[in-house]
Amino acid sequence: MNIITLTTDFGTRDWFVGSMKGVILGVNPQAVVVDITHEIPPGDIRAGAFALAVSCRCFPRQTVHVAVVDPGVGSQRAAIVVKTSNYCFVGPDNGILSVALAKEKVLEIWKVENEGYYHQPVSNTFHGRDVFAPVAARLTQRVLMDSLGPPLKDCVRLDWPKPKVVGGLLRGEIIYIDHFGNAISNIEAPAKSAGTVCVPDKVQCDLKKFYQEVPAGQPLAVLGSTGYLEIAVNGGNAAQTFSLKLGDPIELA
Amino acid sequence: MNIITLTTDFGTRDWFVGSMKGVILGVNPQAVVVDITHEIPPGDIRAGAFALAVSCRCFPRQTVHVAVVDPGVGSQRAAIVVKTSNYCFVGPDNGILSVALAKEKVLEIWKVENEGYYHQPVSNTFHGRDVFAPVAARLTQRVLMDSLGPPLKDCVRLDWPKPKVVGGLLRGEIIYIDHFGNAISNIEAPAKSAGTVCVPDKVQCDLKKFYQEVPAGQPLAVLGSTGYLEIAVNGGNAAQTFSLKLGDPIELA
Amino acid sequence: MNIITLTTDFGTRDWFVGSMKGVILGVNPQAVVVDITHEIPPGDIRAGAFALAVSCRCFPRQTVHVAVVDPGVGSQRAAIVVKTSNYCFVGPDNGILSVALAKEKVLEIWKVENEGYYHQPVSNTFHGRDVFAPVAARLTQRVLMDSLGPPLKDCVRLDWPKPKVVGGLLRGEIIYIDHFGNAISNIEAPAKSAGTVCVPDKVQCDLKKFYQEVPAGQPLAVLGSTGYLEIAVNGGNAAQTFSLKLGDPIELA
């Protein structure tokens with residue numbers, strides 16, 4: 001399998017992503033590189049971890065998923081490869097892989113230390129190009145995992161908020177706001193298919209199946225395509241309309 | 001032919017487009033997916049229809065063109081596949097395909113109902129990933145059209161403005177403003193190669209062949225690369241300079 | 001080799017880049033097209049030249065690099081192909097290729113005049129689609145160079161600023177500000193690995209190896225991944241914090 005995905009905070013304005021792809025194609029000219037996104041806010045490991053987690057399983061087995069939001073580049077933080085029963089994940093060991101890994105069966109974790117796999121000369125500021133890209137390309141070529149470096153017992157895990165039951169309510173928080181202004185919560189696949197959803201002091205609305213069940217401009221809650229409860233406005237931008245922000249509490253009654 | 005194009009309002013900030021590509025590659029690992037644009041303003045079916053119409057014919061025959069600007073996702077609007085003498089088009093039946101279809105010879109229209117072709121589980125908010133992407137990938141694999149669902153006699157057509165001759169003038173309107181601030185009209189391939197173009201109360205300029213025929217900073221009209229008359233500023237942004245807006249009347253004398 | 005890179009100011013909002021890819025795939029369905037960036041500021045030939053120069057060498061040999069920032073489109077400026085010992089470069093003869101060429105061994109320069117290689121009909125405003133894309137695709141197919149048009153002795157070269165030694169200081173200027181707000185100078189691979197870097201009246205900081213060598217929010221200078229000295233803020237945006245601008249002098253002591 002030759003598919004490699006990229007999730008980064010490199011933006012698309014400069015040459016960073018193109019450089020990574022050049023290095024990948026230099027190692028494996030058959031590689032098929034797919035951008036998840038390069039617009040993770042600079043340094044926002046949590047947003048990168050979420051984007052990777054909610055998209056990685058759309059890809060066929062044996063896809064190599066690369067995620068690089070890497071404020072510690074050049075320091076002692078490790079570069080790691082994690083092999084699961086479905087995929088290989090590659091990135092800095094700062095938690096960016098951990099939300100995706102929470103739904104995968106982890107088989108092996110390796111620290112990447114074999115400089116023979118790097119793009120030379122290795123810079124201190126762009127391991128996306130010099131370390132993660134060429135290692136990912138090698139992984140599409142049946143490289144032996146133990147040639148990467150030493151095995152690790154575990155990797156850095158982000159402390160991810162979990163919803164709680166509080167007095168009959170299910171209370172979570174807003175963890176991502178998307179391009180459409182939909183506010184995605186950490187309440188996953190709620191058992192209820194009807195109910196009332198509330199962000200205290202901001203908005204209250206009903207749980208519906210799809211956007212056009214309410215009139216244009218009106219708010220609703222839906223089970224979004226990621227499997228999480230989200231607040232939307234039919235034909236509008238919920239986050240802007242109701243000043244919804246990351247971390248806002250959200251309650252399902 | 002393995003080429004699939006994507007025209008959407010999903011933006012590039014999140015994982016939506018990457019997810020569609022993952023689903024496509026899961027069905028057909030040989031697919032070559034090309035982004036037309038994902039920056040159609042959210043819900044703007046007309047802009048999506050225009051972007052598709054003016055780019056689809058650059059692609060080789062048998063390309064599968066997918067367009068998803070879909071405010072009615074999850075409701076009763078149909079998903080359709082339209083086979084023309086050149087291409088297959090896939091999208092919601094809300095008019096987004098219709099401007100492209102107006103220049104194609106339509107052979108067959110099918111309503112997509114075969115859930116065996118969907119990405120499971122099907123969400124109510126992201127048919128780009130769950131319906132249109134996997135169906136497009138199937139279409140690159142010589143799927144039988146009558147296995148998609150029932151045939152349709154027609155599909156939703158947008159009411160597209162046509163220019164009119166008014167007292168010796170050809171009068172149209174501005175239908176798209178591009179990244180450079182060029183204001184594209186609905187006046188197609190005018191017979192004249194010289195003349196005066198006017199947006200009343202805003203700007204008047206001469207019809208020229210290319211931008212640098214006027215001094216830097218000066219306005220001109222040109223027959224643009226889409227085949228439509230447009231107003232530009234040499235080295236500048238016409239829409240900003242002259243406050244040009246969608247729907248503004250434009251006259252060629 | 002089937003790899004073609006694209007560096008343009010076409011933006012990603014419209015259908016321009018997709019149209020180029022459609023034309024390329026129509027000529028060579030095996031082409032692998034990689035975006036360097038399409039967000040060069042409109043008409044900014046220098047920024048395009050720099051982006052191409054610092055990324056082109058990440059790609060395998062025989063890659064065809066296309067760069068189109070082309071305010072003179074439709075006028076008498078030539079379209080050229082430059083063959084170096086590593087790559088083919090394609091673009092308008094306005095200097096956009098010249099910064100990359102300064103590090104390459106130039107073998108041949110050809111003016112493109114063979115309209116048989118163009119996408120018909122040729123517009124006067126979009127040679128990216130009608131000239132550069134199809135010619136690049138032909139170049140992946142071992143087209144004979146002398147079938148393109150007449151040879152040229154040289155091409156337009158940008159006047160690129162060089163750093164100078166002034167009283168014990170190495171003085172250069174800021175030539176690019178990236179997505180992270182890092183301010184990249186024209187001081188290449190300085191011999192020193194320690195020292196003080198100063199933008200007069202704006203910021204003074206020490207030369208370090210990587211970002212996290214200074215506390216969060218503090219400025220530093222690093223040898224960036226392009227091989228040039230740059231000013232950054234650990235976890236922040238140096239250009240915004242210190243109002244750094246293109247052309248600002250920068251001194252290494």
# chains A, B, ... in the order shown; residues from 1 in each chain; ligands from 1

call {"tool": "residues_around", "arguments": {"residues": "Thr37 in chain A", "least_positions_apart": "4", "cutoff": "8 Å", "atoms": "only C-alpha atoms", "output": "number ranges by chain"}}
result
A: 6-9, 51; B: 12-15, 18

call {"tool": "closest_atom_pairs", "arguments": {"of": "chain B", "to": "chain A", "cutoff": "10 Å", "atoms": "only C-alpha atoms", "output": "Markdown table"}}
result
| residue | atom | partner | partner_atom | distance |
| --- | --- | --- | --- | --- |
| B:Asp9 | CA | A:Phe180 | CA | 9.0 |
| B:Phe10 | CA | A:His179 | CA | 7.2 |
| B:Gly11 | CA | A:His179 | CA | 6.3 |
| B:Thr12 | CA | A:Thr37 | CA | 6.2 |
| B:Arg13 | CA | A:Glu39 | CA | 5.1 |
| B:Asp14 | CA | A:Thr37 | CA | 6.0 |
| B:Trp15 | CA | A:Ile36 | CA | 5.2 |
| B:Phe16 | CA | A:Ile36 | CA | 7.8 |
| B:Val17 | CA | A:Ile36 | CA | 7.0 |
| B:Gly18 | CA | A:Ile36 | CA | 4.4 |
| B:Ser19 | CA | A:Ser55 | CA | 5.5 |
| B:Met20 | CA | A:Cys58 | CA | 7.7 |
| B:Lys21 | CA | A:Val34 | CA | 7.3 |
| B:Gly22 | CA | A:Phe59 | CA | 4.2 |
| B:Val23 | CA | A:Cys58 | CA | 5.4 |
| B:Ile24 | CA | A:Phe59 | CA | 8.5 |
| B:Leu25 | CA | A:Pro60 | CA | 7.0 |
| B:Gly26 | CA | A:Pro60 | CA | 4.9 |
| B:Val27 | CA | A:Pro60 | CA | 8.5 |
| B:Asn28 | CA | A:Pro60 | CA | 10.0 |
| B:Pro29 | CA | A:Ile3 | CA | 8.6 |
| B:Gln30 | CA | A:Val32 | CA | 9.3 |
| B:Ala31 | CA | A:Val32 | CA | 9.8 |
| B:Val32 | CA | A:Val32 | CA | 9.0 |
| B:Val33 | CA | A:Val34 | CA | 9.4 |
| B:Pro41 | CA | A:Phe180 | CA | 9.8 |
| B:Pro42 | CA | A:Phe180 | CA | 7.0 |
| B:Gly43 | CA | A:Gly235 | CA | 7.0 |
| B:Pro71 | CA | A:Gly235 | CA | 6.6 |
| B:Gly72 | CA | A:Gln212 | CA | 6.2 |
| B:Val73 | CA | A:Phe210 | CA | 7.1 |
| B:Gly74 | CA | A:Phe210 | CA | 5.3 |
| B:Ser75 | CA | A:Gln212 | CA | 6.7 |
| B:Gln76 | CA | A:Gln212 | CA | 9.9 |
| B:His119 | CA | A:Cys58 | CA | 8.9 |
| B:Pro121 | CA | A:Ser225 | CA | 9.4 |
| B:Val122 | CA | A:Ser225 | CA | 8.4 |
| B:Ser123 | CA | A:Ser225 | CA | 5.4 |
| B:Asn124 | CA | A:Phe210 | CA | 5.6 |
| B:Thr125 | CA | A:Ser225 | CA | 5.9 |
| B:Phe126 | CA | A:Ser225 | CA | 5.8 |
| B:His127 | CA | A:Ser225 | CA | 9.0 |
| B:Arg129 | CA | A:Cys58 | CA | 8.7 |
| B:Asp130 | CA | A:Ser225 | CA | 9.1 |

call {"tool": "write_last_selection", "arguments": {"atoms": "C-alpha atoms", "output": "tab-separated table (two decimals), in the first residue's frame"}}
result
chain	number	residue	atom	x	y	z
B	9	ASP	CA	-17.65	24.20	-0.08
B	10	PHE	CA	-15.92	22.05	2.55
B	11	GLY	CA	-12.91	24.31	2.96
B	12	THR	CA	-9.41	23.01	3.52
B	13	ARG	CA	-9.12	23.78	7.24
B	14	ASP	CA	-10.72	20.56	8.46
B	15	TRP	CA	-10.48	16.87	7.48
B	16	PHE	CA	-13.51	16.78	5.19
B	17	VAL	CA	-11.77	16.63	1.83
B	18	GLY	CA	-9.12	14.22	3.09
B	19	SER	CA	-11.89	11.93	4.32
B	20	MET	CA	-13.52	11.91	0.89
B	21	LYS	CA	-10.20	10.98	-0.69
B	22	GLY	CA	-9.67	8.18	1.83
B	23	VAL	CA	-13.05	6.70	0.96
B	24	ILE	CA	-12.35	7.01	-2.77
B	25	LEU	CA	-8.97	5.27	-2.44
B	26	GLY	CA	-10.57	2.55	-0.35
B	27	VAL	CA	-12.86	1.74	-3.29
B	28	ASN	CA	-10.33	2.34	-6.08
B	29	PRO	CA	-6.68	2.62	-5.00
B	30	GLN	CA	-5.79	3.69	-8.56
B	31	ALA	CA	-8.04	6.76	-8.48
B	32	VAL	CA	-6.40	10.10	-9.27
B	33	VAL	CA	-8.28	12.77	-7.35
B	41	PRO	CA	-18.65	30.04	-0.14
B	42	PRO	CA	-20.63	27.77	2.23
B	43	GLY	CA	-23.95	26.83	0.64
B	71	PRO	CA	-27.23	22.61	2.22
B	72	GLY	CA	-30.04	20.04	1.94
B	73	VAL	CA	-27.86	17.12	3.05
B	74	GLY	CA	-29.86	14.52	4.97
B	75	SER	CA	-33.22	15.75	3.64
B	76	GLN	CA	-35.19	14.30	0.74
B	119	HIS	CA	-19.59	4.31	2.89
B	121	PRO	CA	-22.35	4.04	8.46
B	122	VAL	CA	-23.98	6.84	6.42
B	123	SER	CA	-24.13	10.10	8.35
B	124	ASN	CA	-26.91	12.64	7.92
B	125	THR	CA	-24.54	15.55	7.52
B	126	PHE	CA	-21.66	14.45	5.26
B	127	HIS	CA	-22.82	12.74	2.08
B	129	ARG	CA	-17.81	11.31	2.27
B	130	ASP	CA	-20.56	8.72	2.62

call {"tool": "closest_residue", "arguments": {"among": "A:Leu107, A:Val99, A:Val165, A:Ala238", "to": "Leu252 in chain A", "atoms": "only C-alpha atoms"}}
result
A:Val165

call {"tool": "closest_residue", "arguments": {"among": "B:Ile109, B:Val135, B:Ala67, B:Leu170", "to": "Ala189 in chain B", "atoms": "only C-alpha atoms"}}
result
B:Leu170

call {"tool": "atom_distance", "arguments": {"atom1": "CA of Gln218 in chain B", "atom2": "CA of Gly95 in chain C"}}
result
24.0 Å

call {"tool": "select_by_dssp", "arguments": {"residues": "range 25-184 of chain C", "states": "strand (DSSP E or B)", "output": "short mmCIF file (atom, residue, chain, number, x, y, z; two decimals) with C-alpha atoms, in the first residue's frame"}}
result
data_model
loop_
_atom_site.label_atom_id
_atom_site.label_comp_id
_atom_site.auth_asym_id
_atom_site.auth_seq_id
_atom_site.Cartn_x
_atom_site.Cartn_y
_atom_site.Cartn_z
CA VAL C 32 1.94 13.15 -10.73
CA VAL C 33 1.26 16.81 -10.02
CA VAL C 34 2.52 18.31 -6.75
CA ASP C 35 1.52 21.77 -5.54
CA ILE C 36 4.38 23.80 -4.11
CA THR C 37 2.07 26.72 -3.42
CA VAL C 64 9.48 19.24 -14.22
CA HIS C 65 9.04 22.44 -12.19
CA VAL C 66 6.41 24.89 -13.45
CA ALA C 67 6.26 28.39 -11.98
CA VAL C 68 3.65 30.89 -13.13
CA ALA C 79 7.51 31.35 -22.38
CA ILE C 80 10.65 29.35 -21.67
CA VAL C 81 11.89 25.90 -20.77
CA VAL C 82 15.22 25.60 -18.98
CA LYS C 83 16.93 22.25 -18.78
CA THR C 84 19.49 21.88 -16.01
CA CYS C 88 13.36 21.01 -16.29
CA PHE C 89 11.94 24.41 -15.40
CA VAL C 90 8.98 25.95 -17.22
CA GLY C 91 7.56 29.44 -16.88
CA PRO C 92 7.33 32.95 -18.24
CA VAL C 106 21.96 25.25 -16.76
CA LEU C 107 22.32 23.08 -19.88
CA GLU C 108 19.82 24.52 -22.34
CA ILE C 109 17.25 27.31 -22.59
CA TRP C 110 14.43 27.15 -25.12
CA LYS C 111 11.75 29.61 -26.08
CA PRO C 151 17.15 28.12 -28.30
CA LYS C 164 27.71 42.35 2.73
CA VAL C 165 30.41 42.51 5.37
CA VAL C 166 30.24 45.97 6.98
CA LEU C 169 29.11 42.68 10.83
CA LEU C 170 27.45 40.56 8.17
CA ARG C 171 24.55 42.65 6.92
CA GLY C 172 21.70 41.27 4.85
CA GLU C 173 17.99 41.85 4.60
CA ILE C 174 14.70 40.08 5.21
CA ILE C 175 13.53 38.48 1.99
CA TYR C 176 10.56 36.30 2.99
CA ILE C 177 8.12 35.99 5.89
CA ALA C 183 11.48 36.25 8.97
CA ILE C 184 13.92 34.66 6.52
#

call {"tool": "residues_around", "arguments": {"residues": "Glu188 in chain B", "least_positions_apart": "3", "cutoff": "8 Å", "atoms": "only C-alpha atoms", "output": "MDAnalysis selection string"}}
result
chainID B and resid 185 227:229

call {"tool": "write_last_selection", "arguments": {"atoms": "C-alpha atoms", "output": "tab-separated table (two decimals), in the first residue's frame"}}
result
chain	number	residue	atom	x	y	z
B	185	SER	CA	-19.75	38.62	-16.49
B	227	GLY	CA	-14.81	32.56	-22.47
B	228	TYR	CA	-16.68	35.33	-20.67
B	229	LEU	CA	-16.12	39.06	-20.76

call {"tool": "select_by_dssp", "arguments": {"residues": "range 27-164 of chain B", "states": "alpha helix (DSSP H)", "output": "list in words"}}
result
Val27, Ile45, Arg46, Ala47, Gly48, Ala49, Phe50, Ala51, Leu52, Ala53, Val54, Ser55, Ser98, Val99, Ala100, Leu101, His127, Ala133, Pro134, Val135, Ala136, Ala137, Arg138 and Leu139 of chain B

call {"tool": "write_last_selection", "arguments": {"atoms": "C-alpha atoms", "output": "PDB file, in the first residue's frame"}}
result
ATOM      1  CA  VAL B  27     -12.858   1.736  -3.291  1.00  0.00           C
ATOM      2  CA  ILE B  45     -24.736  26.513  -5.148  1.00  0.00           C
ATOM      3  CA  ARG B  46     -24.409  29.080  -7.956  1.00  0.00           C
ATOM      4  CA  ALA B  47     -20.707  29.688  -7.364  1.00  0.00           C
ATOM      5  CA  GLY B  48     -20.078  25.949  -7.229  1.00  0.00           C
ATOM      6  CA  ALA B  49     -22.030  25.423 -10.425  1.00  0.00           C
ATOM      7  CA  PHE B  50     -20.002  28.093 -12.198  1.00  0.00           C
ATOM      8  CA  ALA B  51     -16.611  26.795 -11.002  1.00  0.00           C
ATOM      9  CA  LEU B  52     -17.508  23.311 -12.218  1.00  0.00           C
ATOM     10  CA  ALA B  53     -18.847  24.568 -15.545  1.00  0.00           C
ATOM     11  CA  VAL B  54     -15.761  26.573 -16.481  1.00  0.00           C
ATOM     12  CA  SER B  55     -13.231  23.901 -15.518  1.00  0.00           C
ATOM     13  CA  SER B  98     -26.755  22.191 -14.218  1.00  0.00           C
ATOM     14  CA  VAL B  99     -24.503  24.970 -15.527  1.00  0.00           C
ATOM     15  CA  ALA B 100     -21.928  22.406 -16.632  1.00  0.00           C
ATOM     16  CA  LEU B 101     -24.648  20.201 -18.106  1.00  0.00           C
ATOM     17  CA  HIS B 127     -22.819  12.742   2.081  1.00  0.00           C
ATOM     18  CA  ALA B 133     -17.163   9.910  -2.863  1.00  0.00           C
ATOM     19  CA  PRO B 134     -17.756   6.147  -2.912  1.00  0.00           C
ATOM     20  CA  VAL B 135     -20.235   6.371  -5.800  1.00  0.00           C
ATOM     21  CA  ALA B 136     -17.727   8.413  -7.818  1.00  0.00           C
ATOM     22  CA  ALA B 137     -15.052   5.819  -7.115  1.00  0.00           C
ATOM     23  CA  ARG B 138     -17.405   3.066  -8.311  1.00  0.00           C
ATOM     24  CA  LEU B 139     -18.022   5.015 -11.508  1.00  0.00           C
TER      25      LEU B 139
END

call {"tool": "atom_distance", "arguments": {"atom1": "CA of Asp201 in chain C", "atom2": "CA of Gly167 in chain C"}}
result
18.7 Å

call {"tool": "decode", "arguments": {"residues": "range 39-62 of chain C", "atoms": "N, CA and C atoms", "output": "CSV table (one decimal), in the first residue's frame"}}
result
chain,number,residue,atom,x,y,z
C,39,GLU,N,-0.3,30.3,-3.4
C,39,GLU,CA,-0.6,31.5,-2.6
C,39,GLU,C,0.5,32.5,-2.7
C,40,ILE,N,1.3,32.5,-3.7
C,40,ILE,CA,2.2,33.6,-3.9
C,40,ILE,C,1.3,34.9,-4.1
C,41,PRO,N,1.7,36.0,-3.4
C,41,PRO,CA,0.9,37.2,-3.6
C,41,PRO,C,0.8,37.6,-5.0
C,42,PRO,N,-0.4,37.9,-5.5
C,42,PRO,CA,-0.6,38.2,-6.9
C,42,PRO,C,0.4,39.0,-7.5
C,43,GLY,N,1.1,38.5,-8.6
C,43,GLY,CA,2.1,39.3,-9.3
C,43,GLY,C,3.5,39.4,-8.7
C,44,ASP,N,3.7,38.8,-7.5
C,44,ASP,CA,4.9,38.9,-6.8
C,44,ASP,C,5.9,37.9,-7.3
C,45,ILE,N,6.6,38.3,-8.3
C,45,ILE,CA,7.6,37.4,-9.0
C,45,ILE,C,8.7,37.0,-8.0
C,46,ARG,N,9.2,37.9,-7.2
C,46,ARG,CA,10.3,37.6,-6.3
C,46,ARG,C,9.9,36.5,-5.3
C,47,ALA,N,8.7,36.6,-4.7
C,47,ALA,CA,8.2,35.6,-3.7
C,47,ALA,C,8.1,34.2,-4.4
C,48,GLY,N,7.6,34.2,-5.6
C,48,GLY,CA,7.5,33.0,-6.4
C,48,GLY,C,8.8,32.4,-6.7
C,49,ALA,N,9.8,33.2,-7.1
C,49,ALA,CA,11.1,32.8,-7.4
C,49,ALA,C,11.8,32.1,-6.1
C,50,PHE,N,11.5,32.8,-5.0
C,50,PHE,CA,12.1,32.2,-3.8
C,50,PHE,C,11.5,30.9,-3.4
C,51,ALA,N,10.2,30.8,-3.4
C,51,ALA,CA,9.5,29.6,-3.0
C,51,ALA,C,10.0,28.4,-3.9
C,52,LEU,N,10.1,28.7,-5.2
C,52,LEU,CA,10.6,27.6,-6.1
C,52,LEU,C,12.1,27.2,-5.8
C,53,ALA,N,12.9,28.3,-5.5
C,53,ALA,CA,14.3,28.0,-5.3
C,53,ALA,C,14.6,27.2,-4.1
C,54,VAL,N,13.8,27.4,-3.0
C,54,VAL,CA,14.1,26.7,-1.8
C,54,VAL,C,13.3,25.3,-1.6
C,55,SER,N,12.5,25.0,-2.6
C,55,SER,CA,11.9,23.7,-2.6
C,55,SER,C,12.2,22.8,-3.7
C,56,CYS,N,12.7,23.3,-4.8
C,56,CYS,CA,12.8,22.5,-6.0
C,56,CYS,C,13.8,21.3,-5.8
C,57,ARG,N,14.8,21.5,-5.0
C,57,ARG,CA,15.8,20.5,-4.9
C,57,ARG,C,15.4,19.3,-3.9
C,58,CYS,N,14.2,19.4,-3.3
C,58,CYS,CA,13.7,18.3,-2.6
C,58,CYS,C,13.1,17.2,-3.5
C,59,PHE,N,13.0,17.5,-4.7
C,59,PHE,CA,12.3,16.6,-5.7
C,59,PHE,C,13.4,15.7,-6.4
C,60,PRO,N,12.9,14.5,-6.8
C,60,PRO,CA,13.9,13.7,-7.5
C,60,PRO,C,14.3,14.3,-8.9
C,61,ARG,N,15.4,13.8,-9.4
C,61,ARG,CA,15.9,14.3,-10.7
C,61,ARG,C,14.9,14.1,-11.7
C,62,GLN,N,14.9,14.9,-12.7
C,62,GLN,CA,14.0,14.9,-13.9
C,62,GLN,C,12.6,15.4,-13.6
